[in-house]
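To keep things clear, I will list the structure first and then write my remarks on it.
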Amino acid sequence: MSHYPNWRLLLLAGALMAGRACFAQDFGVEPVVLTPSVEAAPVAFEEVPVQNIELTDSIQQTNWGEPCGNYDVGCYDVGCCNSGCCGAEGGGWFFDSWIDQGYTANFDHPASNFNTPMTFNDRADEYQMNQLYMALGKDVDDQNCCWSFGGRVDLLYGSDYFFTTARGLETYTDGSQKWNGTGPRAAGAAALYGLAMPQMYAEVFVPVGNGVKVKFGHFYTIMGYESVMAPQNFFYSHAYTMQYGEPFTHTGVLGTFDMGEHLTINAGVVNGWDNFNNPNGQLSALLGFQYSNDCSSLSYSLINGKEDVDGQNNRFLQSLVYTRKLGQYWTYVFQSDFGLEENGKLDRNFQSDTAFWYGINQYLYYKYTDKLDLGVRLEWFRDEDNARVIAIPIELLSTGGNYYEMTLGANWRPRDFINIRPEIRYDWSNVDLAGAQGPYNDFMDKQMWTAAFDVIFKF
């Protein structure tokens, strides 16, 4: 096997000298296998108009479109199309915006003021303006047999920008900031607040068969369950799988193929994980399907390709999400991820080997009233080789790899445009780091308690 890159050995030496481990975001370098997301509604994509999380009395059947009938090439005989509609734009313009701001109390009051390894609401004992979000675009019209054109541009300003940047867009290839400046993040290399553009794409609806939508540009991933966009999540904090196990964005081409009333298939090629530019000349395959009926939905997706700068080591990730309505008031969600990367770790002989990560998330929601929903999230995330969370995949330096978290929360909507999300969360890990007692409280504990709330205003 090939030896690990020289900078990893320098990282090991530095960590041993310092006598403590450091997380990827604190070092200012990316994990060896770097970090998504599908909304918290049953298997829906992130580009849909944003809706507040609200548990309805029955699952809404996903409408994948209806067959359009036969048509001929040209604008003369188009089956179910109305006369003169061929080539019509269809769809409609939209503008979505919100502000998400909150506060996270850490019971240990870490001196760094970071809730590491928690991201997004990562600041301890202080106010955060997570997202001032604006999205402008035009939906394609997929309800008839005509060509339709649309697109979307999203801007995110706030503390969440740091976790949604793409190499070649907001940052340079080495991870340094293009326009967001310096500050307390990434060991002083990144500002606390900044601007990101997580989506910028064009889309076309092609009236072939039951309909095909093709997206070109920069867009959110279809993988996983939780979303970057705050209104699409039940909880303020995020699961480890979303934070460390999945991509957030892709740049490339993605097709959505309508296979009838219940089934949709996705297929595309992208520049890998969170890359605006292609760093190694290699493309990754992005595939998936979504099936839904009146009471449940199932989504499976995978991405496969070479992600390292030299284009030598393959990375694979698959994600499964199952949603089920349990009676009139309960909803259950199961998610499982499995990922690996070739030559992603150093074994005890300092030889390169494959790194693995995987986990299981379970969510249970209860519709208490029309304005109040309750929920719980239980998670086990296994960073088997410590390549994802602490980004030091060296067997002699770090062992363990299990992360557990339980989150209890609520969504209270006193008005249609306001969602208040309180939560209490417990984290525990068995990770052992050289010179540290655990991954929490500035590497001094193996557990962490936090209490948080945020408020989302839509306007």
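Labels used: A, B, ... for chains in the order of the structure tokens, numbers from 1 for residues in each chain, and numbers from 1 for ligands as shown.
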
Under the rule of at most 12 Å, produce a per-residue listing of segment 110-154 of chain A near segment 168-192 of chain A: chain, number, name, the closest pair of atoms, and the distance in Å, as CSV, using only C-alpha atoms.
```
residue,atom,partner,partner_atom,distance
A:Ser112,CA,A:Pro184,CA,9.5
A:Asn113,CA,A:Pro184,CA,10.0
A:Phe114,CA,A:Arg185,CA,9.6
A:Thr116,CA,A:Arg185,CA,11.4
A:Thr119,CA,A:Arg185,CA,11.4
A:Phe120,CA,A:Leu192,CA,11.1
A:Asn121,CA,A:Leu192,CA,11.7
A:Asp122,CA,A:Leu192,CA,10.5
A:Arg123,CA,A:Leu192,CA,9.5
A:Tyr127,CA,A:Leu192,CA,11.9
A:Gln128,CA,A:Leu192,CA,9.5
A:Met129,CA,A:Leu192,CA,10.1
A:Asn130,CA,A:Leu192,CA,10.2
```

Would you mind listing, for every residue of segment 185-281 of chain A within 8 Å of segment 394-418 of chain A, the two atoms forming the shortest contact and the distance between them in Å to one decimal, using only C-alpha atoms, sorted by chain and ascending residue number, as a Markdown table?
```
| residue | atom | partner | partner_atom | distance |
| --- | --- | --- | --- | --- |
| A:Phe234 | CA | A:Asn411 | CA | 6.9 |
| A:Phe235 | CA | A:Gly409 | CA | 6.6 |
| A:Ala239 | CA | A:Glu405 | CA | 8.0 |
| A:Tyr240 | CA | A:Tyr403 | CA | 7.9 |
```

Fill in: Among listed residues A:Phe219, A:Phe356, A:Tyr225, A:Tyr365, nearest Leu155 of chain A (using only C-alpha atoms)
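Ranking A:Phe219, A:Phe356, A:Tyr225, A:Tyr365 by distance to Leu155 of chain A, first place goes to A:Phe219.
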
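For the atom pair formed by atom CA of Ala285 of chain A and atom CA of Asp353 of chain A, the distance is 23.0 Å, given to one decimal.
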
Item to complete: Enumerate, as JSON, numbers by chain, the complete set of residues in segment 155-339 of chain A that a backbone-based DSSP assignment places in strand (DSSP E).
Response: {"A": [155, 156, 157, 158, 194, 195, 196, 197, 198, 199, 200, 201, 202, 203, 204, 205, 206, 212, 213, 214, 215, 216, 217, 218, 219, 220, 249, 250, 251, 252, 253, 254, 255, 256, 257, 258, 263, 264, 265, 266, 267, 268, 269, 270, 284, 285, 286, 287, 288, 289, 290, 291, 292, 296, 297, 298, 299, 300, 301, 302, 303, 304, 305, 306, 314, 315, 316, 317, 318, 319, 320, 321, 322, 323, 324, 325, 326, 330, 331, 332, 333, 334, 335, 336, 337, 338, 339]}

Fill in: Shortest interatomic distance to Leu320 of chain A - which of A:Asp337, A:Asp294, A:Asp141, A:Asp308, counting only C-alpha atoms
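Of A:Asp337, A:Asp294, A:Asp141, A:Asp308, the one nearest Leu320 of chain A, counting only C-alpha atoms, is A:Asp337.
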
Discussion item. From the options A:Met118, A:Leu263, A:Asp310, A:Arg348, which residue's atoms come nearest to Pro279 of chain A, counting only C-alpha atoms?
Written reply: A:Asp310

Practice prompt. From a DSSP pass on the backbone, collect the residues of segment 86-323 of chain A flagged as helix (DSSP H, G or I) and hand them back as a PyMOL selection string.
Written response: chain A and resi 159-163+186-188+230-232+240-245

For the residues selected in the previous step, produce a file with N, CA and C atoms as a compact mmCIF listing (two decimals), in the first residue's frame.
```
# COMPACT_ATOMS: atom_id res chain seq x y z
N SER A 159 -23.47 32.28 10.84
CA SER A 159 -22.42 31.41 11.34
C SER A 159 -22.43 30.04 10.67
N ASP A 160 -23.55 29.65 10.05
CA ASP A 160 -23.61 28.35 9.36
C ASP A 160 -22.84 28.33 8.05
N TYR A 161 -22.41 29.48 7.56
CA TYR A 161 -21.71 29.54 6.28
C TYR A 161 -20.50 28.60 6.27
N PHE A 162 -19.80 28.53 7.42
CA PHE A 162 -18.54 27.82 7.52
C PHE A 162 -18.68 26.33 7.19
N PHE A 163 -19.87 25.77 7.42
CA PHE A 163 -20.07 24.34 7.24
C PHE A 163 -20.69 24.01 5.89
N ALA A 186 -11.33 27.61 12.38
CA ALA A 186 -10.19 27.04 11.64
C ALA A 186 -8.87 27.58 12.14
N ALA A 187 -8.69 27.58 13.48
CA ALA A 187 -7.45 28.03 14.11
C ALA A 187 -7.08 29.46 13.69
N GLY A 188 -8.11 30.30 13.59
CA GLY A 188 -7.89 31.70 13.25
C GLY A 188 -7.95 32.02 11.78
N ALA A 230 -32.58 25.60 7.67
CA ALA A 230 -33.12 25.46 9.02
C ALA A 230 -34.60 25.07 9.06
N PRO A 231 -35.50 25.66 8.27
CA PRO A 231 -36.91 25.30 8.38
C PRO A 231 -37.23 23.87 7.98
N GLN A 232 -36.30 23.18 7.35
CA GLN A 232 -36.55 21.82 6.91
C GLN A 232 -36.17 20.77 7.96
N TYR A 240 -24.62 13.55 13.96
CA TYR A 240 -23.25 13.36 13.51
C TYR A 240 -23.21 12.90 12.06
N THR A 241 -24.16 12.06 11.65
CA THR A 241 -24.16 11.59 10.27
C THR A 241 -24.23 12.74 9.29
N MET A 242 -25.07 13.72 9.58
CA MET A 242 -25.19 14.86 8.69
C MET A 242 -23.95 15.76 8.78
N GLN A 243 -23.43 15.95 9.98
CA GLN A 243 -22.30 16.86 10.17
C GLN A 243 -21.00 16.32 9.58
N TYR A 244 -20.77 15.01 9.75
CA TYR A 244 -19.47 14.45 9.41
C TYR A 244 -19.52 13.31 8.40
N GLY A 245 -20.67 12.70 8.19
CA GLY A 245 -20.72 11.50 7.36
C GLY A 245 -21.18 11.70 5.95
```

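Taking atom CA of Ala436 of chain A and atom CA of Tyr236 of chain A as the two end points, the separation is 28.4 Å.
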
Worksheet item: Please, what distance in Å, to one decimal, runs between atom CA of Gln318 of chain A and atom CA of Gly211 of chain A?
Response: 26.0 Å

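Considering only C-alpha atoms, the residue among A:Tyr103, A:Tyr193, A:Tyr201, A:Phe289 positioned nearest to Ala451 of chain A is A:Tyr103.
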
Practice prompt. Rank A:Gly217, A:Glu246, A:Lys458, A:Asn314 by their smallest atom-to-atom distance to Gly359 of chain A, using only C-alpha atoms, and report the top residue only.
Written response: A:Glu246

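Of the residues listed (A:Phe94, A:Tyr440, A:Tyr322, A:Phe459), A:Tyr440 shows the shortest atom-to-atom separation from Phe107 of chain A; distances use only C-alpha atoms.
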